[in-house]
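Asker: Just query_36.cif, nothing more (mmCIF, C-alpha atoms):
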data_input
#
loop_
_atom_site.label_atom_id
_atom_site.label_comp_id
_atom_site.auth_asym_id
_atom_site.auth_seq_id
_atom_site.Cartn_x
_atom_site.Cartn_y
_atom_site.Cartn_z
CA MET I 6 10.67 -14.85 -15.65
CA ASP I 7 12.41 -17.14 -13.16
CA LEU I 8 9.74 -19.56 -11.93
CA SER I 9 12.00 -21.41 -9.48
CA PRO I 10 10.39 -21.40 -6.01
CA PHE I 11 11.16 -18.86 -3.31
CA THR I 12 12.40 -20.30 -0.01
CA LEU I 13 12.17 -18.75 3.44
CA ARG I 14 15.63 -17.38 4.31
CA CYS I 15 14.82 -15.88 7.70
CA ARG I 16 11.99 -14.79 9.94
CA THR I 17 12.43 -12.31 12.77
CA PRO I 18 10.24 -10.09 14.97
CA VAL I 19 10.50 -6.40 14.16
CA LEU I 20 10.21 -5.42 17.86
CA PRO I 21 10.48 -7.41 21.12
CA SER I 22 6.93 -6.41 22.11
CA PRO I 23 3.87 -7.71 20.21
CA THR I 24 2.97 -5.37 17.35
CA TYR I 25 1.63 -5.48 13.80
CA THR I 26 3.85 -4.85 10.81
CA VAL I 27 1.66 -2.74 8.53
CA ASP I 28 3.86 -1.47 5.71
CA LEU I 29 7.18 -2.24 4.00
CA GLN I 30 8.91 0.22 1.69
CA CYS I 31 12.33 0.47 0.04
CA ALA I 32 14.42 3.63 -0.42
CA CYS I 33 14.80 5.09 -3.90
CA ASP I 34 18.43 3.91 -4.15
CA GLY I 35 17.57 0.37 -3.02
CA SER I 36 19.88 0.49 -0.01
CA ILE I 37 17.47 0.32 2.94
CA LEU I 38 14.08 -1.15 3.76
CA ALA I 39 11.69 0.32 6.32
CA ALA I 40 9.04 -1.62 8.26
CA ALA I 41 6.24 0.35 9.92
CA THR I 42 4.58 -1.01 13.07
CA THR I 43 1.40 -0.12 14.93
CA ASP I 44 3.54 0.77 17.96
CA ALA I 45 4.60 3.96 16.12
CA VAL I 46 8.08 2.56 15.52
CA VAL I 47 9.65 2.28 12.06
CA ALA I 48 12.46 -0.29 11.83
CA VAL I 49 15.13 0.43 9.19
CA TYR I 50 17.15 -2.41 7.67
CA ASP I 51 20.26 -2.58 5.50
CA ILE I 52 19.02 -4.51 2.47
CA SER I 53 22.46 -5.96 1.70
CA ARG I 54 22.38 -7.80 5.05
CA LEU I 55 18.68 -8.50 5.30
CA SER I 56 18.81 -12.23 4.53
CA SER I 57 21.77 -12.98 6.79
CA THR I 58 21.48 -10.42 9.62
CA PRO I 59 17.87 -9.16 9.80
CA THR I 60 18.52 -6.77 12.68
CA PRO I 61 17.32 -3.16 12.35
CA SER I 62 20.10 -0.64 11.87
CA GLN I 63 17.76 2.02 13.25
CA LEU I 64 14.50 2.22 15.21
CA LEU I 65 12.63 5.45 14.55
CA ASN I 66 10.04 6.43 17.17
CA THR I 67 7.53 8.45 15.21
CA THR I 68 5.17 9.58 17.98
CA GLU I 69 3.99 8.93 21.54
CA GLY I 70 0.83 6.88 21.70
CA GLY I 71 -0.17 7.21 18.04
CA ILE I 72 -0.91 4.49 15.51
CA THR I 73 1.40 4.37 12.49
CA GLY I 74 0.03 3.38 9.10
CA GLU I 75 1.53 3.76 5.64
CA ILE I 76 5.09 4.88 4.99
CA SER I 77 6.80 6.12 1.83
CA PHE I 78 10.40 7.02 1.11
CA HIS I 79 11.21 10.35 -0.50
CA LYS I 80 11.57 9.75 -4.25
CA ILE I 81 14.83 11.71 -4.53
CA ASN I 82 16.54 11.57 -1.11
CA PRO I 83 16.85 8.01 0.30
CA MET I 84 17.38 9.32 3.84
CA LEU I 85 13.96 10.97 4.06
CA LEU I 86 10.86 8.96 5.01
CA TRP I 87 7.19 9.98 5.09
CA ASN I 88 4.70 8.35 7.45
CA VAL I 89 1.03 8.74 8.38
CA GLU I 90 -0.42 8.23 11.83
CA LYS I 91 -3.62 8.85 13.68
CA ALA I 92 -4.09 9.60 17.35
CA ALA I 93 -4.67 6.57 19.54
CA GLU I 94 -8.01 6.19 21.30
CA GLY I 95 -8.34 8.74 24.10
CA ARG I 96 -5.60 10.98 22.68
CA GLY I 97 -7.65 13.22 20.41
CA ARG I 98 -9.24 12.82 17.01
CA GLY I 99 -6.60 14.19 14.68
CA GLY I 100 -3.67 12.76 12.82
CA GLN I 101 -0.55 13.76 11.00
CA VAL I 102 1.82 13.03 8.15
CA GLY I 103 5.49 13.51 8.95
CA LEU I 104 8.68 13.67 6.93
CA TRP I 105 11.57 12.17 8.92
CA ASP I 106 15.29 12.64 8.40
CA LEU I 107 16.83 9.22 9.08
CA ARG I 108 20.28 10.71 9.60
CA SER I 109 19.19 12.73 12.63
CA GLY I 110 16.01 10.84 13.56
CA GLN I 111 14.24 14.19 13.63
CA LEU I 112 10.98 15.35 12.11
CA ALA I 113 11.58 17.72 9.18
CA ILE I 114 7.93 18.40 8.23
CA ARG I 115 4.72 17.86 10.21
CA LEU I 116 1.33 18.09 8.48
CA GLN I 117 -1.59 18.07 10.94
CA THR I 118 -5.11 16.86 10.15
CA GLN I 119 -8.21 17.63 12.19
CA LYS I 120 -9.67 14.17 11.53
CA PRO I 121 -8.01 10.74 11.98
CA ALA I 122 -5.56 10.33 9.10
CA SER I 123 -5.90 6.97 7.36
CA THR I 124 -3.84 7.14 4.15
CA PHE I 125 -1.55 9.44 2.21
CA SER I 126 0.43 9.76 -1.00
CA VAL I 127 3.16 12.05 -2.33
CA ASN I 128 3.31 12.80 -6.04
CA CYS I 129 6.21 11.82 -8.29
CA ASP I 130 8.08 15.14 -8.08
CA GLU I 131 7.61 15.44 -4.29
CA SER I 132 5.72 18.71 -4.64
CA LEU I 133 2.27 17.69 -3.41
CA VAL I 134 1.09 15.61 -0.44
CA ALA I 135 -2.46 14.25 -0.21
CA VAL I 136 -3.89 12.89 3.05
CA GLY I 137 -7.16 10.98 3.38
CA THR I 138 -9.06 10.72 6.66
CA GLU I 139 -11.62 8.57 8.36
CA LEU I 140 -15.23 9.75 8.54
CA ALA I 141 -15.73 12.29 11.31
CA GLY I 142 -19.04 14.08 11.51
CA GLU I 143 -20.62 14.12 8.07
CA ASP I 144 -17.48 14.01 5.94
CA ALA I 145 -14.17 12.36 5.30
CA ASP I 146 -11.53 14.80 4.06
CA LEU I 147 -8.84 14.84 1.42
CA THR I 148 -6.33 17.50 2.43
CA PHE I 149 -3.47 18.71 0.24
CA TRP I 150 -0.19 20.42 1.09
CA ASP I 151 2.44 21.97 -1.13
CA ALA I 152 5.51 20.13 0.22
CA ARG I 153 7.70 23.16 -0.52
CA THR I 154 5.57 25.50 1.63
CA PRO I 155 3.84 23.18 4.10
CA SER I 156 2.89 25.69 6.78
CA ALA I 157 -0.82 25.45 5.89
CA PRO I 158 -2.95 23.18 3.69
CA ALA I 159 -3.34 24.21 0.06
CA ALA I 160 -6.87 22.75 -0.11
CA THR I 161 -9.33 20.39 1.55
CA PHE I 162 -11.90 18.35 -0.38
CA SER I 163 -14.80 17.24 1.80
CA GLU I 164 -17.46 16.20 -0.73
CA CYS I 165 -15.74 13.44 -2.71
CA HIS I 166 -16.21 10.64 -0.14
CA SER I 167 -19.02 10.04 2.36
CA ASP I 168 -17.17 7.43 4.43
CA ASP I 169 -13.62 6.47 5.45
CA ILE I 170 -10.99 7.08 2.76
CA THR I 171 -8.93 3.89 2.66
CA GLN I 172 -6.36 4.64 -0.03
CA VAL I 173 -4.91 7.63 -1.86
CA ARG I 174 -2.42 7.11 -4.69
CA PHE I 175 -0.74 9.55 -7.06
CA HIS I 176 0.13 8.45 -10.58
CA PRO I 177 3.76 7.20 -10.72
CA THR I 178 4.81 9.60 -13.49
CA ASN I 179 2.10 12.29 -13.78
CA PRO I 180 2.30 14.61 -10.75
CA LYS I 181 -1.23 15.96 -11.33
CA ARG I 182 -3.09 12.63 -11.57
CA MET I 183 -4.44 10.92 -8.43
CA ILE I 184 -6.99 8.33 -7.30
CA SER I 185 -8.71 7.73 -3.98
CA GLY I 186 -10.88 4.89 -2.73
CA GLY I 187 -13.17 4.60 0.27
CA THR I 188 -15.55 2.41 2.20
CA ASP I 189 -18.37 4.29 0.46
CA GLY I 190 -17.52 2.14 -2.58
CA LEU I 191 -16.23 5.04 -4.66
CA LEU I 192 -13.05 5.17 -6.69
CA CYS I 193 -12.35 8.82 -7.58
CA LEU I 194 -9.96 10.11 -10.25
CA TYR I 195 -8.55 13.64 -9.90
CA ASP I 196 -6.78 16.22 -12.03
CA MET I 197 -4.78 18.19 -9.49
CA SER I 198 -3.98 21.01 -11.88
CA THR I 199 -6.52 22.89 -9.75
CA PHE I 200 -7.46 22.97 -6.07
CA ASP I 201 -11.12 23.63 -6.85
CA GLU I 202 -12.89 20.45 -5.70
CA ASP I 203 -15.57 20.41 -8.39
CA ASP I 204 -13.04 20.95 -11.18
CA ALA I 205 -10.40 18.58 -9.77
CA LEU I 206 -12.78 15.61 -9.44
CA ASP I 207 -12.57 14.13 -12.92
CA LYS I 208 -14.25 10.70 -12.76
CA VAL I 209 -16.16 8.68 -10.13
CA ILE I 210 -16.43 4.89 -10.37
CA LYS I 211 -18.94 3.09 -8.16
CA ASP I 212 -17.99 -0.35 -6.84
CA THR I 213 -18.08 -1.70 -3.30
CA SER I 214 -15.99 -0.85 -0.22
CA VAL I 215 -12.45 -0.21 -1.49
CA ASN I 216 -9.55 -1.82 0.36
CA ARG I 217 -6.66 -1.24 -2.06
CA CYS I 218 -6.26 0.55 -5.38
CA GLY I 219 -3.35 1.60 -7.54
CA PHE I 220 -2.14 2.50 -11.01
CA PHE I 221 -0.49 -0.09 -13.26
CA GLY I 222 0.28 -0.72 -16.94
CA PRO I 223 3.02 0.25 -19.44
CA SER I 224 2.08 3.92 -18.98
CA ASN I 225 0.23 3.39 -15.69
CA GLU I 226 -2.98 3.96 -17.60
CA PHE I 227 -4.96 1.30 -15.73
CA VAL I 228 -6.14 0.92 -12.13
CA TYR I 229 -6.63 -2.21 -10.03
CA LEU I 230 -9.27 -2.28 -7.29
CA CYS I 231 -9.38 -4.74 -4.36
CA THR I 232 -12.45 -4.59 -2.13
CA HIS I 233 -13.13 -5.51 1.47
CA ILE I 234 -15.30 -8.43 0.31
CA GLU I 235 -12.33 -9.78 -1.71
CA THR I 236 -13.57 -8.90 -5.17
CA PHE I 237 -11.06 -7.73 -7.75
CA SER I 238 -11.46 -5.61 -10.86
CA LEU I 239 -9.36 -3.74 -13.44
CA TRP I 240 -10.27 -0.33 -14.86
CA ARG I 241 -9.32 2.22 -17.48
CA PRO I 242 -10.16 5.21 -15.26
CA ASP I 243 -9.89 7.95 -17.89
CA GLU I 244 -12.84 6.33 -19.66
CA SER I 245 -14.57 4.94 -16.52
CA GLU I 246 -14.28 1.59 -18.32
CA LYS I 247 -14.19 -1.71 -16.47
CA LEU I 248 -11.68 -3.93 -18.29
CA SER I 249 -12.25 -7.00 -16.18
CA SER I 250 -14.20 -8.14 -13.15
CA LEU I 251 -12.73 -11.25 -11.56
CA GLY I 252 -15.39 -11.24 -8.87
CA ASP I 253 -14.75 -12.94 -5.54
CA VAL I 254 -11.20 -14.31 -5.71
CA ARG I 255 -11.45 -16.52 -2.62
CA VAL I 256 -10.65 -20.21 -3.12
CA PRO I 257 -11.65 -22.78 -0.44
CA ARG I 258 -9.29 -25.28 1.14
CA PRO I 259 -9.48 -28.81 -0.23
CA ASP I 260 -11.40 -31.00 2.25
CA ASP I 261 -14.24 -33.52 2.30
CA GLU I 262 -16.74 -30.84 1.34
CA ASN I 263 -14.51 -29.33 -1.36
CA PRO I 264 -12.64 -32.33 -2.82
CA VAL I 265 -11.99 -30.59 -6.12
CA ALA I 266 -10.60 -27.39 -4.62
CA ARG I 267 -7.32 -26.16 -6.05
CA GLU I 268 -3.91 -26.85 -4.59
CA TYR I 269 -3.89 -23.44 -2.93
CA GLU I 270 -6.31 -21.50 -0.74
CA ILE I 271 -7.22 -17.81 -0.90
CA THR I 272 -9.13 -16.08 1.88
CA TYR I 273 -7.91 -12.48 1.42
CA MET I 274 -5.85 -10.22 -0.84
CA VAL I 275 -2.81 -8.39 0.50
CA ASP I 276 -1.71 -6.09 -2.33
CA CYS I 277 -0.55 -5.92 -5.95
CA LYS I 278 2.80 -5.54 -7.69
CA TYR I 279 3.30 -4.55 -11.32
CA SER I 280 6.35 -5.64 -13.34
CA ASP I 281 7.46 -3.02 -15.87
CA GLU I 282 9.77 -5.53 -17.50
CA LEU I 283 7.16 -8.27 -17.91
CA GLN I 284 4.20 -5.87 -18.20
CA ARG I 285 2.29 -8.14 -15.86
CA LEU I 286 0.31 -7.49 -12.70
CA PHE I 287 0.60 -9.80 -9.71
CA VAL I 288 -1.50 -10.00 -6.56
CA PHE I 289 -0.39 -11.43 -3.20
CA CYS I 290 -3.14 -13.50 -1.56
CA GLY I 291 -3.29 -15.01 1.94
CA SER I 292 -4.93 -18.15 3.32
CA SER I 293 -6.54 -19.22 6.58
CA THR I 294 -3.19 -20.72 7.58
CA ASP I 295 -1.47 -17.46 6.56
CA ASN I 296 0.50 -18.95 3.72
CA LEU I 297 0.83 -16.70 0.68
CA SER I 298 0.12 -17.25 -3.00
CA VAL I 299 1.56 -14.94 -5.66
CA MET I 300 -0.94 -14.84 -8.50
CA ASN I 301 -0.62 -13.59 -12.06
CA VAL I 302 -3.58 -11.36 -12.94
CA GLY I 303 -5.27 -12.17 -16.24
CA LEU I 304 -8.37 -10.59 -17.71
CA GLU I 305 -10.42 -13.69 -16.90
CA GLU I 306 -8.72 -15.37 -13.94
CA LEU I 307 -5.84 -15.46 -11.48
CA SER I 308 -3.15 -18.08 -12.02
CA LEU I 309 -0.68 -19.34 -9.42
CA VAL I 310 2.97 -18.33 -9.87
CA TYR I 311 4.60 -18.84 -6.44
CA THR I 312 3.66 -20.08 -2.99
CA LEU I 313 5.26 -18.69 0.19
CA ASN I 314 4.53 -21.10 3.03
CA GLY I 315 5.48 -21.01 6.71
CA GLY I 316 6.57 -17.39 7.03
CA HIS I 317 3.78 -16.16 9.30
CA ASN I 318 1.30 -17.35 11.92
CA ALA I 319 -1.15 -14.47 11.57
CA VAL I 320 -2.67 -12.34 8.81
CA VAL I 321 -0.12 -10.91 6.35
CA ARG I 322 -0.62 -7.17 5.94
CA THR I 323 2.18 -6.02 3.64
CA THR I 324 4.73 -7.20 1.06
CA TYR I 325 7.78 -5.85 -0.77
CA TRP I 326 9.06 -7.59 -3.91
CA ASP I 327 12.38 -6.69 -5.55
CA MET I 328 12.05 -8.40 -8.92
CA LYS I 329 15.56 -7.56 -10.13
CA LYS I 330 17.38 -8.86 -7.04
CA ARG I 331 14.74 -11.58 -6.67
CA PHE I 332 13.74 -11.39 -3.05
CA ILE I 333 10.45 -10.81 -1.24
CA VAL I 334 9.84 -9.42 2.25
CA THR I 335 6.50 -9.95 3.99
CA GLY I 336 5.08 -8.60 7.26
CA GLY I 337 1.90 -9.02 9.23
CA GLU I 338 -0.04 -9.25 12.45
CA ASP I 339 2.44 -11.64 14.09
CA GLY I 340 4.88 -8.71 14.25
CA ALA I 341 7.48 -10.52 12.16
CA ILE I 342 9.10 -9.89 8.82
CA SER I 343 10.00 -12.85 6.64
CA VAL I 344 12.61 -12.75 3.86
CA TRP I 345 12.23 -15.00 0.83
CA ALA I 346 14.77 -15.55 -1.96
#
Mind converting the file's structure to structure tokens?

Answerer:
Amino acid sequence: MDLSPFTLRCRTPVLPSPTYTVDLQCACDGSILAAATTDAVVAVYDISRLSSTPTPSQLLNTTEGGITGEISFHKINPMLLWNVEKAAEGRGRGGQVGLWDLRSGQLAIRLQTQKPASTFSVNCDESLVAVGTELAGEDADLTFWDARTPSAPAATFSECHSDDITQVRFHPTNPKRMISGGTDGLLCLYDMSTFDEDDALDKVIKDTSVNRCGFFGPSNEFVYLCTHIETFSLWRPDESEKLSSLGDVRVPRPDDENPVAREYEITYMVDCKYSDELQRLFVFCGSSTDNLSVMNVGLEELSLVYTLNGGHNAVVRTTYWDMKKRFIVTGGEDGAISVWA
């Protein structure tokens, strides 16, 4: 692994108006990068020119007055992009997931939810879409569509979570395996060979309010879990086995009251990245000054690998790391993307 430091190559606002950058994703062929903003605009960049000319090649307006969240490129066609959005305040209570054709800028598929959509995932063969919602009434819903016949939902699960669903993730190689996490503190594992809710819900792990979760490992047999109180744990979900609990990962700044604090500060976790080549999990962590630390995840502790300083002046919300081409893109609440190489 190349441990030489990353340097900031460029920093640029995604849009002229103030907005948050909430997600960064790369197309399956590695040619373009998309940045989602809370202004319901997705900026598309040519990766080959990102470090030298970070100007969007396309601005995709995904709705009028909605709030865009996660995005995900189609796993086969690099010109198709999924996104999730919920209605803005005063514009209804529903949400939608859309599949956009970047060549025409038109919506190819629209999947409507009755409750505010908060997260989504598409399985590895692009046959099944899962959408999680915020709590509305007594339930938060997980709704599923067959992407090949999306005219109506295939199923809705309303008993798995009792509060906002914050993350849904399909297994990277098994199209029937899925996890979801919520602010009710539950991490749920599903076998989507069936649309019967009782039969599909395979395992339930109780933790605290889930912020991020995802599969990792040589066969993606493990799951990481980041909580809203900045605790971090690793699980073998098929056995409901906790492999490691790193507890609260926050590290204070060195000052008169903390003279022995480490050379870096952690106040929040952004997200994780797994290296298939190294078989190592990394977590991006932010500080009160919005510098970033890239940490190697061990069973007993986090260890510093890289620092990314000076790229943002507000909370960092999303990262993209191309380990083969050795560059990182970060985005956050200052509305900018920063490119590191």

Asker: Measuring between all atoms listed in the file, which one of I:Gln30, I:Thr60, I:Thr138, I:Ser238 shows the shortest distance to I:Glu305?

Answerer: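 Ranking I:Gln30, I:Thr60, I:Thr138, I:Ser238 by distance to I:Glu305, first place goes to I:Ser238.
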
Asker: Go through I:Leu64, I:Leu133, I:Leu55, I:Ile114 and flag the residue nearest I:Leu38, using all atoms listed in the file for the distances.

Answerer: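 Nearest to I:Leu38: I:Leu55.
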
Asker: When you look at I:Val302 with a cut-off of 8 Å (counting only C-alpha atoms), what residues show up, excluding the ones that are within fewer than 2 positions of it in the same chain? I need them as a PyMOL selection string.

Answerer: chain I and resi 285-288+300+304+306-308

Asker: Using only C-alpha atoms, which of the listed residues (I:Asp146, I:Asp276, I:Glu202, I:Asp7) sits closest to I:Gly219?

Answerer: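 That would be I:Asp276, the residue with the smallest distance to I:Gly219.
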
Asker: Report as a ChimeraX atom specification all protein, DNA and RNA residues lying within 12 Å of stretch 312-317 of chain I, evaluated on all atoms listed in the file, omitting residues in the same chain fewer than 4 positions from it.

Answerer: /I:8-18,25-26,268-271,288-301,308,321-324,332-346

Asker: Work out how far apart atom CA of I:Ile76 and atom CA of I:Met6 are and give it in Å to one decimal.

Answerer: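 Those two atoms sit 29.1 Å apart.
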
Asker: The PyMOL selection byres ((chain I and resi 41) around 6) - which residues does that actually catch in the file I just gave you? List them as number ranges by chain.

Answerer: I: 26-28, 40, 42, 47

Asker: Output the selection as a PDB file, in the coordinates of the input - C-alpha atoms for each residue.

Answerer:
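Final output, again12.pdb:
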ATOM      1  CA  THR I  26       3.850  -4.850  10.810  1.00  0.00           C
ATOM      2  CA  VAL I  27       1.660  -2.740   8.530  1.00  0.00           C
ATOM      3  CA  ASP I  28       3.860  -1.470   5.710  1.00  0.00           C
ATOM      4  CA  ALA I  40       9.040  -1.620   8.260  1.00  0.00           C
ATOM      5  CA  THR I  42       4.580  -1.010  13.070  1.00  0.00           C
ATOM      6  CA  VAL I  47       9.650   2.280  12.060  1.00  0.00           C
TER       7      VAL I  47
END

Asker: For the point (-4.3, 13.8, 6.6) in the file's frame, write as a PyMOL selection string all residues with an atom no more than 6 Å away, counting only C-alpha atoms.

Answerer: chain I and resi 101+118+122+136-138+148

Asker: Given the selection you just returned, output its residues as a file containing C-alpha atoms, formatted as an mmCIF file, in the frame of the given file.

Answerer:
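part.cif written:
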data_model
loop_
_atom_site.group_PDB
_atom_site.id
_atom_site.type_symbol
_atom_site.label_atom_id
_atom_site.label_comp_id
_atom_site.auth_asym_id
_atom_site.auth_seq_id
_atom_site.Cartn_x
_atom_site.Cartn_y
_atom_site.Cartn_z
ATOM 1 C CA GLN I 101 -0.550 13.760 11.000
ATOM 2 C CA THR I 118 -5.110 16.860 10.150
ATOM 3 C CA ALA I 122 -5.560 10.330 9.100
ATOM 4 C CA VAL I 136 -3.890 12.890 3.050
ATOM 5 C CA GLY I 137 -7.160 10.980 3.380
ATOM 6 C CA THR I 138 -9.060 10.720 6.660
ATOM 7 C CA THR I 148 -6.330 17.500 2.430
#

Asker: List every residue of stretch 27-96 of chain I that has an atom at most 12 Å from any atom of stretch 172-196 of chain I, and for each one report the closest atom pair and its distance in Å to one decimal, counting only C-alpha atoms, with rows sorted by chain and then by increasing residue number, as JSON lines.

Answerer:
{"residue": "I:Gly74", "atom": "CA", "partner": "I:Gln172", "partner_atom": "CA", "distance": 11.2}
{"residue": "I:Glu75", "atom": "CA", "partner": "I:Gln172", "partner_atom": "CA", "distance": 9.8}
{"residue": "I:Ser77", "atom": "CA", "partner": "I:Arg174", "partner_atom": "CA", "distance": 11.3}
{"residue": "I:Lys80", "atom": "CA", "partner": "I:Pro177", "partner_atom": "CA", "distance": 10.5}
{"residue": "I:Val89", "atom": "CA", "partner": "I:Val173", "partner_atom": "CA", "distance": 11.9}

Asker: Considering all atoms listed in the file, can you say which of I:Gly110, I:Pro121, I:Pro223, I:Gly35 comes closest to I:Leu140?

Answerer: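 When distances to I:Leu140 are compared using all atoms listed in the file, the smallest one comes from I:Pro121.
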
Asker: Dump as a tab-separated table (two decimals) with C-alpha atoms, keeping the file's coordinate frame all residues having an atom at most 9 Å from (13.2, 10.9, 7.3), computed in the file's coordinates with all atoms listed in the file.

Answerer:
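Okay, point_2.tsv is ready:
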chain	number	residue	atom	x	y	z
I	78	PHE	CA	10.40	7.02	1.11
I	79	HIS	CA	11.21	10.35	-0.50
I	83	PRO	CA	16.85	8.01	0.30
I	84	MET	CA	17.38	9.32	3.84
I	85	LEU	CA	13.96	10.97	4.06
I	86	LEU	CA	10.86	8.96	5.01
I	87	TRP	CA	7.19	9.98	5.09
I	88	ASN	CA	4.70	8.35	7.45
I	103	GLY	CA	5.49	13.51	8.95
I	104	LEU	CA	8.68	13.67	6.93
I	105	TRP	CA	11.57	12.17	8.92
I	106	ASP	CA	15.29	12.64	8.40
I	107	LEU	CA	16.83	9.22	9.08
I	108	ARG	CA	20.28	10.71	9.60
I	109	SER	CA	19.19	12.73	12.63
I	110	GLY	CA	16.01	10.84	13.56
I	111	GLN	CA	14.24	14.19	13.63
I	112	LEU	CA	10.98	15.35	12.11
I	113	ALA	CA	11.58	17.72	9.18

Asker: In Å, with one decimal, what is the gap from atom CA of I:Ser22 to atom CA of I:Asn66?

Answerer: 14.1 Å

Asker: Given 3 Å of margin on each side, can you work out the centre and size in Å (one decimal) of an axis-aligned box holding every listed atom of stretch 302-321 of chain I, as JSON?

Answerer:
{"center_x": -1.9, "center_y": -15.8, "center_z": -2.9, "size_x": 23.0, "size_y": 16.5, "size_z": 35.6}

Asker: Might you spell out which residues the PyMOL selection byres ((chain I and resi 246) around 12) would select in the displayed file, as a list in words?

Answerer: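 Listing what the PyMOL selection byres ((chain I and resi 246) around 12) selects in the shown file: Lys208, Val209, Ile210, Lys211, Glu226, Phe227, Val228, Tyr229, Ser238, Leu239, Trp240, Arg241, Pro242, Asp243, Glu244, Ser245, Lys247, Leu248, Ser249 and Ser250 of chain I.
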
Asker: Write a file for stretch 163-181 of chain I, containing N, CA and C atoms (output as an mmCIF file, in the first residue's frame).

Answerer:
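Dumped to decode.cif:
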data_model
loop_
_atom_site.group_PDB
_atom_site.id
_atom_site.type_symbol
_atom_site.label_atom_id
_atom_site.label_comp_id
_atom_site.auth_asym_id
_atom_site.auth_seq_id
_atom_site.Cartn_x
_atom_site.Cartn_y
_atom_site.Cartn_z
ATOM 1 N N SER I 163 -43.510 -3.369 6.813
ATOM 2 C CA SER I 163 -43.803 -2.256 7.715
ATOM 3 C C SER I 163 -43.581 -2.589 9.191
ATOM 4 N N GLU I 164 -43.084 -3.805 9.481
ATOM 5 C CA GLU I 164 -42.923 -4.208 10.876
ATOM 6 C C GLU I 164 -41.469 -4.411 11.287
ATOM 7 N N CYS I 165 -40.532 -4.224 10.374
ATOM 8 C CA CYS I 165 -39.125 -4.479 10.702
ATOM 9 C C CYS I 165 -38.515 -3.348 11.524
ATOM 10 N N HIS I 166 -38.895 -2.103 11.225
ATOM 11 C CA HIS I 166 -38.338 -0.942 11.928
ATOM 12 C C HIS I 166 -39.466 -0.103 12.514
ATOM 13 N N SER I 167 -39.214 0.453 13.704
ATOM 14 C CA SER I 167 -40.209 1.284 14.384
ATOM 15 C C SER I 167 -39.823 2.759 14.387
ATOM 16 N N ASP I 168 -38.786 3.108 13.634
ATOM 17 C CA ASP I 168 -38.364 4.507 13.504
ATOM 18 C C ASP I 168 -37.697 4.669 12.150
ATOM 19 N N ASP I 169 -37.183 5.888 11.864
ATOM 20 C CA ASP I 169 -36.607 6.167 10.549
ATOM 21 C C ASP I 169 -35.613 5.094 10.116
ATOM 22 N N ILE I 170 -35.720 4.667 8.868
ATOM 23 C CA ILE I 170 -34.734 3.761 8.272
ATOM 24 C C ILE I 170 -33.644 4.634 7.653
ATOM 25 N N THR I 171 -32.427 4.481 8.129
ATOM 26 C CA THR I 171 -31.342 5.371 7.720
ATOM 27 C C THR I 171 -30.470 4.799 6.613
ATOM 28 N N GLN I 172 -30.429 3.483 6.487
ATOM 29 C CA GLN I 172 -29.594 2.891 5.446
ATOM 30 C C GLN I 172 -30.124 1.525 5.049
ATOM 31 N N VAL I 173 -30.149 1.288 3.737
ATOM 32 C CA VAL I 173 -30.465 -0.013 3.157
ATOM 33 C C VAL I 173 -29.323 -0.373 2.228
ATOM 34 N N ARG I 174 -28.806 -1.606 2.337
ATOM 35 C CA ARG I 174 -27.704 -2.018 1.485
ATOM 36 C C ARG I 174 -27.859 -3.484 1.092
ATOM 37 N N PHE I 175 -27.850 -3.741 -0.232
ATOM 38 C CA PHE I 175 -27.793 -5.110 -0.720
ATOM 39 C C PHE I 175 -26.356 -5.620 -0.659
ATOM 40 N N HIS I 176 -26.237 -6.928 -0.553
ATOM 41 C CA HIS I 176 -24.935 -7.588 -0.600
ATOM 42 C C HIS I 176 -24.306 -7.355 -1.971
ATOM 43 N N PRO I 177 -22.991 -7.102 -2.053
ATOM 44 C CA PRO I 177 -22.374 -6.790 -3.353
ATOM 45 C C PRO I 177 -22.433 -7.904 -4.385
ATOM 46 N N THR I 178 -22.530 -9.171 -3.961
ATOM 47 C CA THR I 178 -22.516 -10.272 -4.922
ATOM 48 C C THR I 178 -23.705 -11.226 -4.803
ATOM 49 N N ASN I 179 -24.434 -11.179 -3.703
ATOM 50 C CA ASN I 179 -25.609 -12.039 -3.525
ATOM 51 C C ASN I 179 -26.867 -11.188 -3.687
ATOM 52 N N PRO I 180 -27.610 -11.373 -4.773
ATOM 53 C CA PRO I 180 -28.752 -10.479 -5.044
ATOM 54 C C PRO I 180 -29.911 -10.647 -4.075
ATOM 55 N N LYS I 181 -29.895 -11.674 -3.250
ATOM 56 C CA LYS I 181 -31.005 -11.937 -2.319
ATOM 57 C C LYS I 181 -30.687 -11.525 -0.885
#
